[in-house]
Amino acid sequence: MTLLGPDDPPPFELVNPDGKACALLVADHAGRAFPKSLGTLGLGPEALANICGFSPKIFAENTVLIGVRDIDATEKENIKRAGLTEVYTMRDIDERGMRTVMEEALRAAGRGTAGYHVSLDMDWIDPEDAPGVGTPVRGGATYREAHLAMEIIADHGRMLSLEVVEVNPVIDEHNRTADLAVELISSAFGKKIL
């Protein structure tokens with residue numbers, strides 16, 4: 001299942017109700033990692049616990065944030081309160097490299113799970129490469145880093161679902177962001193250079 005949306009839709013009802021899954025969130029901020037009751041946008045571990053009346057499917061220990069760089073004080077507090085321990089900032093990627101960060105993130109997300117739900121927020125990518133997003137913040141992932149992250153996800157072969165959000169065609173420049181989103185979806189599903 002792949003979703004492509006303009007903003008942050010709640011896709012987690014797609015998680016398999018018969019097996020524990022995880023959420024792998026690739027975003028510039030942590031708003032999507034928490035329920036609206038905590039004061040930020042999106043759904044998180046607590047809200048995801050009772051999807052469609054089923055027992056917990058997504059747990060904090062299997063929820064990973066990758067590439068965050070624009071975290072406000074409320075989001076920082078919510079990360080601590082929700083018990084999210086696997087949070088990789090852009091500094092982690094800069095210092096340690098995308099491969100190392102992704103391998104660690106996928107190990108954590110996959111520990112005892114049926115697979116991954118990947119939420120790719122296009123504003124995680126630097127606005128130089130993805131200008132058509134709702135929250136452009138300098139210092140994001142490069143074109144190549146974004147592809148590498150998706151290629152590593154494909155290599156692991158455990159992605160159950162993928163959503164791509166924050167593609168805004170109204171402010172995009174010649175469809176650059178939308179075209180990149182399609183390329184990244186292809187990489188996540190295993191498109192190879194050779």
# chains A, B, ... in the order shown; residues from 1 in each chain; ligands from 1
>>> residues_around(residues="Thr100 (chain A)", least_positions_apart="5", cutoff="12 Å", atoms="only C-alpha atoms", output="list in words")
Ile66, Tyr88, Asp92, Ile93, Asp94, Glu95, Ala105, Leu106, Arg107, Glu145, Leu148, Ala149 and Ile152 of chain A
>>> write_last_selection(atoms="C-alpha atoms", output="short mmCIF file (atom, residue, chain, number, x, y, z; two decimals), in the first residue's frame")
data_model
loop_
_atom_site.label_atom_id
_atom_site.label_comp_id
_atom_site.auth_asym_id
_atom_site.auth_seq_id
_atom_site.Cartn_x
_atom_site.Cartn_y
_atom_site.Cartn_z
CA ILE A 66 14.93 9.77 11.34
CA TYR A 88 18.05 10.30 14.85
CA ASP A 92 23.49 12.00 13.56
CA ILE A 93 23.28 11.56 9.79
CA ASP A 94 25.99 14.19 9.22
CA GLU A 95 28.39 12.65 11.73
CA ALA A 105 16.87 2.52 12.84
CA LEU A 106 15.64 -0.52 10.94
CA ARG A 107 17.03 -2.87 13.60
CA GLU A 145 20.80 10.67 1.05
CA LEU A 148 19.97 5.86 -0.08
CA ALA A 149 17.54 5.74 2.86
CA ILE A 152 18.25 0.55 2.33
#
>>> atom_distance(atom1="CA of Met150 (chain A)", atom2="CA of Asp129 (chain A)")
15.8 Å
>>> select_by_dssp(residues="region 37-194 of chain A", states="alpha helix (DSSP H)", output="count of residues only")
61
>>> residues_around(residues="region 174-183 of chain A", least_positions_apart="4", cutoff="10 Å", atoms="only C-alpha atoms", output="PyMOL selection string")
chain A and resi 4+120-123+125+127-133+143+146-147+150+164-170+187-189+191
>>> closest_residue(among="A:Thr135, A:Asp126, A:Met159, A:Lys76", to="Ile171 (chain A)", atoms="only C-alpha atoms")
A:Thr135
>>> select_by_dssp(residues="region 106-151 of chain A", states="strand (DSSP E or B)", output="CSV table (one decimal) with C-alpha atoms, in the first residue's frame")
chain,number,residue,atom,x,y,z
A,116,TYR,CA,7.6,-1.5,8.8
A,117,HIS,CA,5.1,1.2,8.0
A,118,VAL,CA,7.3,4.0,6.4
A,119,SER,CA,6.1,7.6,6.6
A,120,LEU,CA,8.2,9.8,4.4
A,121,ASP,CA,7.6,13.4,5.0
A,125,ILE,CA,14.6,16.7,2.3
A,141,ALA,CA,18.6,15.3,3.7
>>> atom_distance(atom1="CA of Thr89 (chain A)", atom2="CA of Asp172 (chain A)")
25.4 Å
